[in-house]
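Below is the file my_file_16.txt, which contains compact mmCIF, C-alpha atoms.
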# COMPACT_ATOMS: atom_id res chain seq x y z
CA MET Z 1 6.97 5.32 -111.28
CA ALA Z 2 5.74 6.51 -114.66
CA GLU Z 3 4.62 10.12 -114.90
CA ALA Z 4 0.85 10.48 -114.93
CA ALA Z 5 -0.62 11.25 -118.34
CA LYS Z 6 -1.52 14.87 -118.95
CA LYS Z 7 -5.19 15.69 -119.12
CA TYR Z 8 -6.43 17.64 -122.12
CA VAL Z 9 -9.85 19.23 -122.52
CA ARG Z 10 -11.70 21.13 -125.24
CA PRO Z 11 -14.42 23.77 -124.84
CA TYR Z 12 -17.95 22.40 -124.53
CA GLY Z 13 -20.93 23.86 -126.41
CA ASP Z 14 -23.60 21.43 -127.59
CA THR Z 15 -21.72 18.14 -127.24
CA THR Z 16 -18.62 17.01 -125.37
CA GLY Z 17 -15.42 18.02 -127.14
CA ASP Z 18 -17.07 20.05 -129.91
CA GLY Z 19 -14.79 23.02 -129.18
CA MET Z 20 -17.59 25.60 -129.35
CA ILE Z 21 -16.83 29.01 -127.82
CA GLN Z 22 -18.44 32.46 -127.77
CA THR Z 23 -16.46 35.68 -127.86
CA SER Z 24 -17.23 39.39 -128.18
CA PHE Z 25 -15.28 42.33 -129.55
CA THR Z 26 -15.62 45.71 -131.25
CA LEU Z 27 -14.26 46.73 -134.65
CA PRO Z 28 -13.85 50.31 -135.94
CA VAL Z 29 -16.11 49.51 -138.91
CA PRO Z 30 -19.59 50.99 -139.62
CA PHE Z 31 -22.49 48.63 -138.92
CA GLY Z 32 -23.58 46.51 -141.88
CA PRO Z 33 -22.83 43.39 -143.94
CA LYS Z 34 -19.19 44.38 -144.47
CA ALA Z 35 -18.72 44.72 -140.74
CA ASP Z 36 -20.13 41.21 -140.21
CA GLY Z 37 -17.75 39.92 -142.87
CA ALA Z 38 -14.83 41.62 -141.13
CA ALA Z 39 -15.84 39.99 -137.84
CA LEU Z 40 -15.95 36.56 -139.45
CA GLN Z 41 -12.53 37.10 -141.02
CA LEU Z 42 -11.09 37.99 -137.62
CA ALA Z 43 -12.79 34.98 -136.00
CA ASN Z 44 -11.30 32.66 -138.65
CA LYS Z 45 -7.84 34.11 -138.04
CA MET Z 46 -8.36 33.48 -134.32
CA GLY Z 47 -8.89 29.81 -135.12
CA MET Z 48 -12.71 29.72 -135.05
CA ASP Z 49 -13.92 27.62 -137.97
CA PRO Z 50 -16.78 27.49 -138.68
CA ALA Z 51 -17.84 30.76 -137.05
CA MET Z 52 -21.15 32.64 -136.92
CA VAL Z 53 -21.92 36.26 -136.06
CA VAL Z 54 -24.83 35.76 -133.67
CA HIS Z 55 -25.12 39.42 -132.72
CA SER Z 56 -23.92 42.74 -134.12
CA ASN Z 57 -24.88 46.22 -133.02
CA PRO Z 58 -23.73 49.70 -134.07
CA ILE Z 59 -21.82 51.79 -131.55
CA GLY Z 60 -22.09 55.27 -133.00
CA ASP Z 61 -21.44 55.79 -136.71
CA ASP Z 62 -18.07 54.13 -137.09
CA PHE Z 63 -17.96 51.16 -134.68
CA THR Z 64 -19.73 47.81 -134.42
CA PHE Z 65 -19.95 45.42 -131.50
CA PHE Z 66 -20.07 41.67 -132.23
CA VAL Z 67 -20.78 38.40 -130.54
CA VAL Z 68 -19.34 35.47 -132.48
CA TYR Z 69 -19.97 31.76 -131.89
CA GLY Z 70 -17.80 29.06 -133.40
CA SER Z 71 -15.59 26.03 -133.02
CA VAL Z 72 -11.89 25.91 -132.18
CA LYS Z 73 -9.48 22.99 -132.43
CA HIS Z 74 -7.26 24.09 -129.55
CA LEU Z 75 -6.72 21.88 -126.51
CA VAL Z 76 -6.28 22.94 -122.89
CA ASP Z 77 -3.46 21.18 -121.04
CA LEU Z 78 -4.62 21.17 -117.43
CA ASP Z 79 -1.16 20.24 -116.20
CA GLU Z 80 0.18 23.56 -117.50
CA VAL Z 81 -2.50 25.73 -115.86
CA LYS Z 82 -0.92 28.09 -113.32
CA VAL Z 83 -3.05 29.72 -110.64
CA VAL Z 84 -2.65 31.01 -107.09
CA GLU Z 85 -4.12 28.41 -104.76
CA ARG Z 86 -5.53 29.60 -101.45
CA GLU Z 87 -3.07 28.31 -98.84
CA TYR Z 88 -5.09 29.34 -95.79
CA PRO Z 89 -8.47 28.26 -94.38
CA LEU Z 90 -11.59 30.38 -94.70
CA LEU Z 91 -12.56 31.60 -91.26
CA SER Z 92 -15.84 32.81 -89.82
CA PRO Z 93 -15.97 36.35 -88.39
CA SER Z 94 -15.75 34.98 -84.84
CA GLU Z 95 -12.71 32.87 -85.80
CA VAL Z 96 -11.06 35.90 -87.40
CA ASN Z 97 -11.65 37.99 -84.28
CA SER Z 98 -10.36 35.26 -81.98
CA ALA Z 99 -7.22 34.68 -84.06
CA LEU Z 100 -6.36 38.38 -84.33
CA LYS Z 101 -6.87 38.92 -80.62
CA LYS Z 102 -4.48 36.06 -79.93
CA VAL Z 103 -1.84 37.19 -82.45
CA LEU Z 104 -1.88 40.98 -82.01
CA ARG Z 105 -3.58 41.61 -78.65
CA ARG Z 106 -5.02 44.73 -80.28
CA LYS Z 107 -7.12 45.64 -83.30
CA LEU Z 108 -5.60 45.08 -86.74
CA VAL Z 109 -5.64 48.40 -88.63
CA VAL Z 110 -6.67 48.36 -92.30
CA VAL Z 111 -6.45 51.43 -94.54
CA GLY Z 112 -8.10 51.19 -97.96
CA GLY Z 113 -9.14 53.19 -100.98
CA CYS Z 114 -9.09 53.61 -104.76
CA ILE Z 115 -5.81 55.17 -105.86
CA GLY Z 116 -5.04 57.48 -108.77
CA THR Z 117 -7.98 58.88 -110.72
CA ASP Z 118 -10.07 55.75 -110.16
CA ALA Z 119 -13.50 56.70 -108.79
CA HIS Z 120 -15.01 53.21 -108.76
CA THR Z 121 -15.53 52.47 -105.08
CA VAL Z 122 -17.99 49.57 -105.44
CA GLY Z 123 -15.25 46.96 -105.09
CA ILE Z 124 -13.40 48.45 -102.13
CA ASP Z 125 -16.69 49.32 -100.40
CA ALA Z 126 -17.89 45.72 -100.84
CA ILE Z 127 -14.83 44.54 -98.92
CA LEU Z 128 -14.57 47.29 -96.30
CA ASN Z 129 -18.09 48.55 -95.61
CA ILE Z 130 -20.25 46.72 -93.11
CA LYS Z 131 -22.89 45.94 -95.77
CA GLY Z 132 -20.34 43.67 -97.44
CA PHE Z 133 -20.82 41.49 -100.52
CA ALA Z 134 -22.32 38.13 -101.50
CA GLY Z 135 -24.08 37.74 -98.18
CA GLU Z 136 -20.95 38.42 -96.13
CA LYS Z 137 -20.40 41.42 -93.87
CA GLY Z 138 -17.50 43.72 -94.74
CA LEU Z 139 -14.38 44.21 -92.65
CA GLU Z 140 -16.01 47.02 -90.62
CA TYR Z 141 -18.17 44.29 -89.07
CA TYR Z 142 -15.18 42.52 -87.49
CA ARG Z 143 -14.66 43.46 -83.86
CA GLU Z 144 -10.87 43.09 -83.99
CA LEU Z 145 -10.43 45.21 -87.14
CA LYS Z 146 -10.16 48.98 -87.35
CA VAL Z 147 -11.04 50.06 -90.91
CA VAL Z 148 -10.16 53.43 -92.45
CA ASN Z 149 -11.81 53.78 -95.87
CA LEU Z 150 -10.30 56.73 -97.75
CA GLY Z 151 -12.74 56.42 -100.64
CA ALA Z 152 -11.98 57.33 -104.26
CA GLN Z 153 -9.19 59.09 -106.13
CA VAL Z 154 -6.68 58.82 -103.33
CA SER Z 155 -3.17 59.98 -104.24
CA VAL Z 156 -0.28 57.68 -103.38
CA PRO Z 157 1.34 60.24 -101.03
CA GLU Z 158 -2.00 60.64 -99.23
CA LEU Z 159 -2.31 56.87 -98.88
CA VAL Z 160 1.21 56.59 -97.44
CA ARG Z 161 0.58 59.45 -95.00
CA SER Z 162 -2.66 57.91 -93.82
CA ALA Z 163 -1.09 54.47 -93.41
CA ARG Z 164 1.71 55.95 -91.31
CA SER Z 165 -0.54 58.10 -89.13
CA GLU Z 166 -2.96 55.23 -88.52
CA LYS Z 167 -0.08 52.76 -87.97
CA ALA Z 168 -1.72 50.49 -90.52
CA ASP Z 169 -1.02 46.78 -90.49
CA ALA Z 170 -2.49 46.37 -93.98
CA VAL Z 171 -3.27 48.62 -96.93
CA LEU Z 172 -5.96 47.55 -99.39
CA ILE Z 173 -6.20 49.32 -102.75
CA SER Z 174 -8.74 48.83 -105.51
CA GLN Z 175 -8.28 49.52 -109.21
CA VAL Z 176 -11.00 49.17 -111.86
CA VAL Z 177 -9.82 51.55 -114.58
CA THR Z 178 -7.41 49.59 -116.80
CA GLN Z 179 -6.88 51.75 -119.90
CA ARG Z 180 -3.20 51.72 -120.88
CA ASP Z 181 -2.51 49.44 -117.92
CA ALA Z 182 -3.30 52.23 -115.44
CA HIS Z 183 -4.09 49.66 -112.74
CA ILE Z 184 -0.65 48.10 -113.07
CA LEU Z 185 1.27 51.37 -113.15
CA ASN Z 186 -0.66 52.86 -110.24
CA THR Z 187 -0.13 49.79 -108.08
CA GLN Z 188 3.58 49.65 -108.87
CA GLU Z 189 3.87 53.34 -107.98
CA MET Z 190 2.07 52.68 -104.71
CA SER Z 191 4.26 49.74 -103.69
CA ALA Z 192 7.44 51.65 -104.61
CA ALA Z 193 6.31 54.62 -102.49
CA PHE Z 194 5.75 52.39 -99.45
CA ARG Z 195 9.14 50.74 -99.88
CA GLU Z 196 10.83 54.15 -100.09
CA ALA Z 197 8.92 55.65 -97.17
CA MET Z 198 8.86 52.72 -94.78
CA GLY Z 199 11.23 50.01 -96.02
CA ASP Z 200 10.80 46.69 -94.22
CA ARG Z 201 8.36 48.31 -91.78
CA ARG Z 202 5.79 48.86 -94.50
CA PRO Z 203 2.32 47.42 -93.95
CA LEU Z 204 0.94 44.43 -95.78
CA LEU Z 205 0.00 45.56 -99.31
CA VAL Z 206 -3.06 44.04 -100.97
CA ALA Z 207 -4.37 44.97 -104.42
CA GLY Z 208 -7.75 44.08 -105.89
CA GLY Z 209 -9.74 44.58 -109.06
CA PRO Z 210 -11.51 42.65 -111.83
CA ARG Z 211 -8.57 42.86 -114.28
CA PHE Z 212 -5.82 41.87 -111.88
CA ASP Z 213 -4.16 38.46 -112.20
CA PRO Z 214 -3.35 36.96 -108.77
CA LEU Z 215 -0.07 35.71 -110.26
CA MET Z 216 1.08 39.34 -110.65
CA ALA Z 217 1.79 40.02 -106.97
CA GLY Z 218 5.57 39.95 -107.43
CA GLU Z 219 5.45 42.14 -110.54
CA LEU Z 220 3.25 44.66 -108.75
CA GLY Z 221 5.35 44.68 -105.59
CA VAL Z 222 2.45 43.71 -103.32
CA ASP Z 223 1.88 40.82 -100.94
CA ARG Z 224 -1.41 39.60 -102.39
CA VAL Z 225 -3.66 40.21 -105.38
CA PHE Z 226 -7.39 39.50 -105.34
CA SER Z 227 -9.44 39.43 -108.53
CA ARG Z 228 -13.16 39.49 -109.31
CA GLY Z 229 -15.56 37.66 -107.02
CA THR Z 230 -13.46 38.06 -103.88
CA THR Z 231 -15.51 38.21 -100.70
CA PRO Z 232 -14.78 40.05 -97.43
CA GLY Z 233 -14.34 36.73 -95.65
CA GLU Z 234 -11.55 35.71 -98.02
CA VAL Z 235 -9.70 38.98 -97.38
CA ALA Z 236 -10.19 38.78 -93.60
CA SER Z 237 -8.96 35.19 -93.58
CA TYR Z 238 -5.90 36.17 -95.58
CA LEU Z 239 -5.10 39.00 -93.18
CA VAL Z 240 -5.18 36.55 -90.29
CA HIS Z 241 -2.92 34.15 -92.18
CA ALA Z 242 -0.45 36.91 -93.06
CA MET Z 243 -0.32 38.20 -89.47
CA GLN Z 244 0.22 34.70 -88.12
CA GLU Z 245 3.10 34.18 -90.54
CA LYS Z 246 4.60 37.55 -89.67
CA LYS Z 247 4.45 36.83 -85.96
CA GLY Z 248 5.50 33.19 -86.33
CA VAL Z 249 2.30 31.96 -84.74
CA ALA Z 250 0.79 28.60 -85.73
CA ALA Z 251 -2.72 28.68 -87.12
Rendering of file as structure tokens:
Amino acid sequence: MAEAAKKYVRPYGDTTGDGMIQTSFTLPVPFGPKADGAALQLANKMGMDPAMVVHSNPIGDDFTFFVVYGSVKHLVDLDEVKVVEREYPLLSPSEVNSALKKVLRRKLVVVGGCIGTDAHTVGIDAILNIKGFAGEKGLEYYRELKVVNLGAQVSVPELVRSARSEKADAVLISQVVTQRDAHILNTQEMSAAFREAMGDRRPLLVAGGPRFDPLMAGELGVDRVFSRGTTPGEVASYLVHAMQEKKGVAA
């Protein structure tokens, strides 16, 4: 049987296939006509032709922020797109509780926090705290989950100690600060510390943050990576799936 033809698409702006895109960036150039010209030169080198600076704004004396709109000729080959597909069903809170009670016969213990110097707790709180996110209650709401939220700026040794003392089944860490790949380095340090301290008995390791790529789980040494827009229900459903796999229990 002949291989199915690949499907190509172009960005859409005003009409189908016109290739129009919008991008933003900052240049270390003082605000003014020369800065706009520099932005257009960069846009052209990026393959945007024609391109228009639709917005520019000074950031201090020596920097300018731009929004550029223009057309590109590039095609997207959908057959070459690689993503992490969700391989488990989304469960309601009652389904999560029922499944965990069946699999573990006790509460599943989750320890979470922001590691390193990261003080941005909005993401981890949205997943763990009962108030939740996007209309969904956080993991504290689930009857069969025990949640220990360590908050911000948690050191890796402190996280390991807490996970051991609480006999955690899963550890959830959040990273928002990404300068110099701090989120990657911190997560790799965390996963290495758990491997050294606990070996194969380590808990499930889950990392989350807006700049993480779900494809990076192996590189980071964790079991799962969640990116922006993740809801508490997705995380709870994954925890059920992972526990069922670990225990060899059918869904």
(message) Neighbouring residues of Val72 in chain Z were defined as those with any atom within 12 Å, considering only C-alpha atoms; residues of the same chain fewer than 2 positions away were excluded. Please report them as a ChimeraX atom specification.
(response) /Z:9-13,17-23,43-51,69-70,74-76
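What separates CA of Lys102 in chain Z from CA of Leu172 in chain Z is a distance of 22.6 Å.
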(message) Report, in Å with one decimal, the straight-line distance from CA of Leu27 in chain Z to CA of Met52 in chain Z.
(response) 15.8 Å
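Relative to CA of Pro58 in chain Z, CA of Pro30 in chain Z is found at 7.0 Å.
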(request) Write out as a PyMOL selection string the residues lying within 12 Å of Thr117 in chain Z, counting all atoms listed in the file and excluding same-chain residues fewer than 6 positions away. (result) chain Z and resi 151-156+174-179+182-183+186
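Proximity of Z:Ala99, Z:Val240, Z:Ala119, Z:Ala163 to Met190 in chain Z, computed with all atoms listed in the file, is greatest for Z:Ala163.
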(request) Just the residues within 10 Å of Asp61 in chain Z, please, counting all atoms listed in the file, with nothing from its chain fewer than 6 positions along; format it as a ChimeraX atom specification. (result) /Z:28-31
Go ahead and fit an axis-aligned box to every listed atom of range 146-155 of chain Z plus 5 Å each side, and pass me the centre and edge lengths in Å, one decimal, as lines of an AutoDock Vina configuration file.
center_x = -8.0
center_y = 54.5
center_z = -96.7
size_x = 19.6
size_y = 21.0
size_z = 28.8
(message) Which residues are near Lys247 in chain Z? Cut-off 9 Å, all atoms listed in the file, ignore same chain within fewer than 5 positions. Put them as JSON, numbers by chain.
(response) {"Z": [103, 104, 242]}
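Residues lying at most 10 Å from (0.2, 45.4, -97.7) in file coordinates, with all atoms listed in the file considered, are Val110, Val111, Ala168, Asp169, Ala170, Val171, Leu172, Ile173, Ser191, Phe194, Arg202, Pro203, Leu204, Leu205, Val206, Ala207, Gly221, Val222, Asp223, Arg224, Leu239 and Ala242 of chain Z.
Nearest to Lys107 in chain Z of all the residues Z:Glu140, Z:Glu219, Z:Glu189, Z:Asp14 is Z:Glu140, counting only C-alpha atoms.
You can rank Z:Glu234, Z:Gly248, Z:Tyr8, Z:Gly208 by their closest distance to Glu80 in chain Z using all atoms listed in the file, and at the top of that list sits Z:Tyr8.
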8 Å contact set for Leu139 in chain Z, all atoms listed in the file, chain neighbours under 3 positions out, as an mmCIF file with C-alpha atoms, keeping the file's coordinate frame:
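Saved the output as out_26.cif:
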data_model
loop_
_atom_site.group_PDB
_atom_site.id
_atom_site.type_symbol
_atom_site.label_atom_id
_atom_site.label_comp_id
_atom_site.auth_asym_id
_atom_site.auth_seq_id
_atom_site.Cartn_x
_atom_site.Cartn_y
_atom_site.Cartn_z
ATOM 1 C CA ILE Z 127 -14.830 44.540 -98.920
ATOM 2 C CA LEU Z 128 -14.570 47.290 -96.300
ATOM 3 C CA ASN Z 129 -18.090 48.550 -95.610
ATOM 4 C CA ILE Z 130 -20.250 46.720 -93.110
ATOM 5 C CA GLY Z 132 -20.340 43.670 -97.440
ATOM 6 C CA TYR Z 142 -15.180 42.520 -87.490
ATOM 7 C CA LEU Z 145 -10.430 45.210 -87.140
ATOM 8 C CA VAL Z 147 -11.040 50.060 -90.910
ATOM 9 C CA PRO Z 232 -14.780 40.050 -97.430
ATOM 10 C CA ALA Z 236 -10.190 38.780 -93.600
#
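The residue that comes closest to His241 in chain Z, out of Z:Val84, Z:Leu100, Z:Val67, Z:Gly37 and on the basis of only C-alpha atoms, is Z:Leu100.
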